[in-house]
Amino acid sequence: MPQSAIIVRDGEDNHRLLTTDRDTGLLFGPFFKEGVCFLNAFGVFDNFTVAGGISKGSRATRRGRVLHNAASALLAGINRDADLLCYDYSYGFANDPVRHGGGQTISIRGRSGIISTRPKGFCTIELFDSNNEGGPRIAEFIDLRIVGSVETDTSGAVKVYRRKAEMHWLETLPPLLEFLHPRLARELVVEHHDRAS
């Protein structure tokens, strides 16, 4: 299973946080603000490029309190949504028995939109306001994981299906917080390693 690593160093002491691709992907979920805050606090994108990804030897320096606060907020968000995040989702339409993943266009209550199962752990519908002069904007957001089923304009009801999936944040974040807690006032070095073993 591919893994990435965030290593937090305090002189000779360090803590290695290993994350699977799926766990990392959860941080990018729509309206899951704790994930983006965590990535920013840990400097994951400080040395990131679209062409090269995370550069070899990528580092950031952060105060322990900033890291601890971001990891605490992420753990609270994961705990809050754990019953949703521990599944991968697909969807199907009443007029078509095939289950779908990925994304496709959809129409609900006269609004066009997109249904998507990306990243894994999420299944959402974004409906757009097409009367906006500056281009389409999100008029309504539906978390299909919670509502379960919505009537479409052309394909009958769209229903969500779920399959159990592994999620490791509840096991990996507490040891990170333990490492950070006595180091709140210190400047720590955060290293980022893509596909670490």
# chains A, B, ... in the order shown; residues from 1 in each chain; ligands from 1
$ select_by_dssp --residues "chain A" --states "alpha helix (DSSP H)" --output "number ranges by chain"
A: 21-26, 33-41, 64-85, 144-147, 169-180
$ write_last_selection --atoms "N, CA and C atoms" --output "compact mmCIF listing (two decimals), in the first residue's frame"
# COMPACT_ATOMS: atom_id res chain seq x y z
N ASP A 21 -2.32 6.61 0.68
CA ASP A 21 -2.89 7.53 -0.31
C ASP A 21 -4.34 7.87 0.03
N ARG A 22 -5.11 6.87 0.48
CA ARG A 22 -6.51 7.13 0.81
C ARG A 22 -6.62 8.10 1.98
N ASP A 23 -5.83 7.87 3.04
CA ASP A 23 -5.88 8.77 4.20
C ASP A 23 -5.51 10.20 3.80
N THR A 24 -4.48 10.34 2.99
CA THR A 24 -4.09 11.67 2.52
C THR A 24 -5.21 12.29 1.70
N GLY A 25 -5.83 11.49 0.83
CA GLY A 25 -6.92 11.99 0.00
C GLY A 25 -8.09 12.53 0.80
N LEU A 26 -8.37 11.91 1.95
CA LEU A 26 -9.48 12.38 2.79
C LEU A 26 -9.32 13.85 3.17
N LYS A 33 -12.60 21.28 6.16
CA LYS A 33 -11.60 22.34 6.33
C LYS A 33 -10.44 21.93 7.22
N GLU A 34 -10.67 21.00 8.13
CA GLU A 34 -9.59 20.56 9.02
C GLU A 34 -8.45 19.92 8.24
N GLY A 35 -8.78 19.27 7.12
CA GLY A 35 -7.75 18.62 6.30
C GLY A 35 -6.83 19.63 5.65
N VAL A 36 -7.39 20.66 5.05
CA VAL A 36 -6.58 21.69 4.39
C VAL A 36 -5.76 22.45 5.42
N CYS A 37 -6.33 22.74 6.58
CA CYS A 37 -5.59 23.43 7.64
C CYS A 37 -4.39 22.59 8.09
N PHE A 38 -4.59 21.28 8.21
CA PHE A 38 -3.49 20.38 8.60
C PHE A 38 -2.38 20.42 7.55
N LEU A 39 -2.73 20.29 6.28
CA LEU A 39 -1.73 20.31 5.21
C LEU A 39 -0.96 21.62 5.20
N ASN A 40 -1.66 22.73 5.37
CA ASN A 40 -0.99 24.04 5.39
C ASN A 40 -0.09 24.19 6.61
N ALA A 41 -0.59 23.81 7.78
CA ALA A 41 0.20 23.95 9.00
C ALA A 41 1.49 23.14 8.93
N GLY A 64 5.87 24.25 17.41
CA GLY A 64 5.16 23.07 17.87
C GLY A 64 3.69 23.31 18.12
N ARG A 65 3.36 24.50 18.65
CA ARG A 65 1.96 24.81 18.96
C ARG A 65 1.10 24.84 17.68
N VAL A 66 1.65 25.38 16.59
CA VAL A 66 0.92 25.43 15.32
C VAL A 66 0.62 24.01 14.84
N LEU A 67 1.61 23.14 14.91
CA LEU A 67 1.43 21.75 14.49
C LEU A 67 0.44 21.02 15.40
N HIS A 68 0.58 21.23 16.70
CA HIS A 68 -0.31 20.57 17.66
C HIS A 68 -1.76 21.01 17.46
N ASN A 69 -1.97 22.31 17.26
CA ASN A 69 -3.33 22.80 17.05
C ASN A 69 -3.95 22.21 15.79
N ALA A 70 -3.17 22.15 14.72
CA ALA A 70 -3.69 21.61 13.45
C ALA A 70 -3.98 20.12 13.57
N ALA A 71 -3.10 19.37 14.22
CA ALA A 71 -3.31 17.93 14.39
C ALA A 71 -4.50 17.67 15.32
N SER A 72 -4.68 18.49 16.36
CA SER A 72 -5.83 18.36 17.26
C SER A 72 -7.13 18.63 16.52
N ALA A 73 -7.14 19.67 15.69
CA ALA A 73 -8.34 20.00 14.92
C ALA A 73 -8.66 18.89 13.92
N LEU A 74 -7.62 18.33 13.29
CA LEU A 74 -7.85 17.23 12.35
C LEU A 74 -8.43 16.02 13.07
N LEU A 75 -7.88 15.68 14.22
CA LEU A 75 -8.40 14.54 14.97
C LEU A 75 -9.86 14.76 15.36
N ALA A 76 -10.21 15.98 15.76
CA ALA A 76 -11.60 16.28 16.10
C ALA A 76 -12.50 16.13 14.88
N GLY A 77 -12.04 16.60 13.71
CA GLY A 77 -12.82 16.47 12.49
C GLY A 77 -12.98 15.03 12.04
N ILE A 78 -11.90 14.25 12.18
CA ILE A 78 -11.96 12.83 11.83
C ILE A 78 -12.92 12.11 12.77
N ASN A 79 -12.83 12.39 14.06
CA ASN A 79 -13.76 11.79 15.03
C ASN A 79 -15.21 12.15 14.71
N ARG A 80 -15.44 13.40 14.36
CA ARG A 80 -16.79 13.85 14.05
C ARG A 80 -17.37 13.10 12.84
N ASP A 81 -16.54 12.89 11.80
CA ASP A 81 -17.02 12.32 10.54
C ASP A 81 -16.58 10.88 10.32
N ALA A 82 -16.06 10.21 11.33
CA ALA A 82 -15.50 8.86 11.16
C ALA A 82 -16.51 7.89 10.57
N ASP A 83 -17.78 8.01 10.97
CA ASP A 83 -18.79 7.09 10.46
C ASP A 83 -19.03 7.26 8.97
N LEU A 84 -18.63 8.39 8.39
CA LEU A 84 -18.74 8.63 6.95
C LEU A 84 -17.44 8.33 6.22
N LEU A 85 -16.32 8.67 6.85
CA LEU A 85 -15.02 8.56 6.19
C LEU A 85 -14.50 7.13 6.08
N LEU A 144 -24.30 13.38 -0.33
CA LEU A 144 -25.12 12.20 -0.57
C LEU A 144 -24.86 11.11 0.46
N ARG A 145 -23.71 11.16 1.15
CA ARG A 145 -23.43 10.19 2.21
C ARG A 145 -24.45 10.32 3.33
N ILE A 146 -24.95 11.53 3.53
CA ILE A 146 -25.88 11.80 4.63
C ILE A 146 -27.33 11.66 4.19
N VAL A 147 -27.67 12.25 3.03
CA VAL A 147 -29.07 12.22 2.60
C VAL A 147 -29.45 10.88 1.98
N TRP A 169 -6.33 7.39 10.49
CA TRP A 169 -6.07 8.62 11.24
C TRP A 169 -6.33 8.49 12.73
N LEU A 170 -7.31 7.71 13.13
CA LEU A 170 -7.62 7.59 14.55
C LEU A 170 -6.51 6.88 15.32
N GLU A 171 -5.69 6.10 14.62
CA GLU A 171 -4.54 5.44 15.26
C GLU A 171 -3.25 6.26 15.14
N THR A 172 -3.10 7.01 14.03
CA THR A 172 -1.83 7.68 13.78
C THR A 172 -1.73 9.09 14.38
N LEU A 173 -2.85 9.77 14.55
CA LEU A 173 -2.78 11.13 15.08
C LEU A 173 -2.46 11.21 16.58
N PRO A 174 -3.03 10.35 17.45
CA PRO A 174 -2.69 10.47 18.87
C PRO A 174 -1.20 10.38 19.19
N PRO A 175 -0.42 9.45 18.59
CA PRO A 175 1.03 9.45 18.88
C PRO A 175 1.73 10.73 18.40
N LEU A 176 1.26 11.31 17.29
CA LEU A 176 1.82 12.58 16.83
C LEU A 176 1.55 13.66 17.86
N LEU A 177 0.34 13.72 18.38
CA LEU A 177 -0.01 14.72 19.39
C LEU A 177 0.82 14.53 20.67
N GLU A 178 1.06 13.28 21.03
CA GLU A 178 1.90 13.01 22.21
C GLU A 178 3.31 13.54 22.01
N PHE A 179 3.85 13.38 20.80
CA PHE A 179 5.19 13.87 20.50
C PHE A 179 5.22 15.40 20.54
N LEU A 180 4.17 16.04 20.01
CA LEU A 180 4.15 17.50 19.91
C LEU A 180 3.86 18.20 21.23
$ select_by_dssp --residues "range 9-170 of chain A" --states "strand (DSSP E)" --output "VMD selection string"
chain A and resid 9 to 10 13 to 20 48 to 49 53 to 54 59 to 63 87 to 93 96 to 100 103 to 108 111 to 116 124 to 129 137 to 143 149 to 151 157 to 164
$ closest_residue --among "A:Gly134, A:Gly121, A:Asp46, A:Val150" --to "Leu27 in chain A" --atoms "only C-alpha atoms"
A:Gly121
$ closest_residue --among "A:Thr124, A:Ser149, A:Thr61, A:Thr20" --to "Thr105 in chain A" --atoms "only C-alpha atoms"
A:Thr124
$ closest_residue --among "A:Tyr87, A:Phe42, A:Phe93, A:Phe28" --to "Ala157 in chain A" --atoms "only C-alpha atoms"
A:Phe93
$ closest_residue --among "A:His192, A:Asn131, A:Ile138, A:Arg109" --to "Arg16 in chain A" --atoms "only C-alpha atoms"
A:His192
$ residues_around --residues "Arg163 in chain A" --least-positions-apart "2" --cutoff "10 Å" --atoms "only C-alpha atoms" --output "list in words"
Cys86, Tyr87, Asp88, Tyr89, Ser90, Gly121, Tyr161 and Ala165 of chain A
$ closest_residue --among "A:Asp194, A:Asp96, A:Asp13, A:Asp129" --to "Val158 in chain A" --atoms "only C-alpha atoms"
A:Asp96
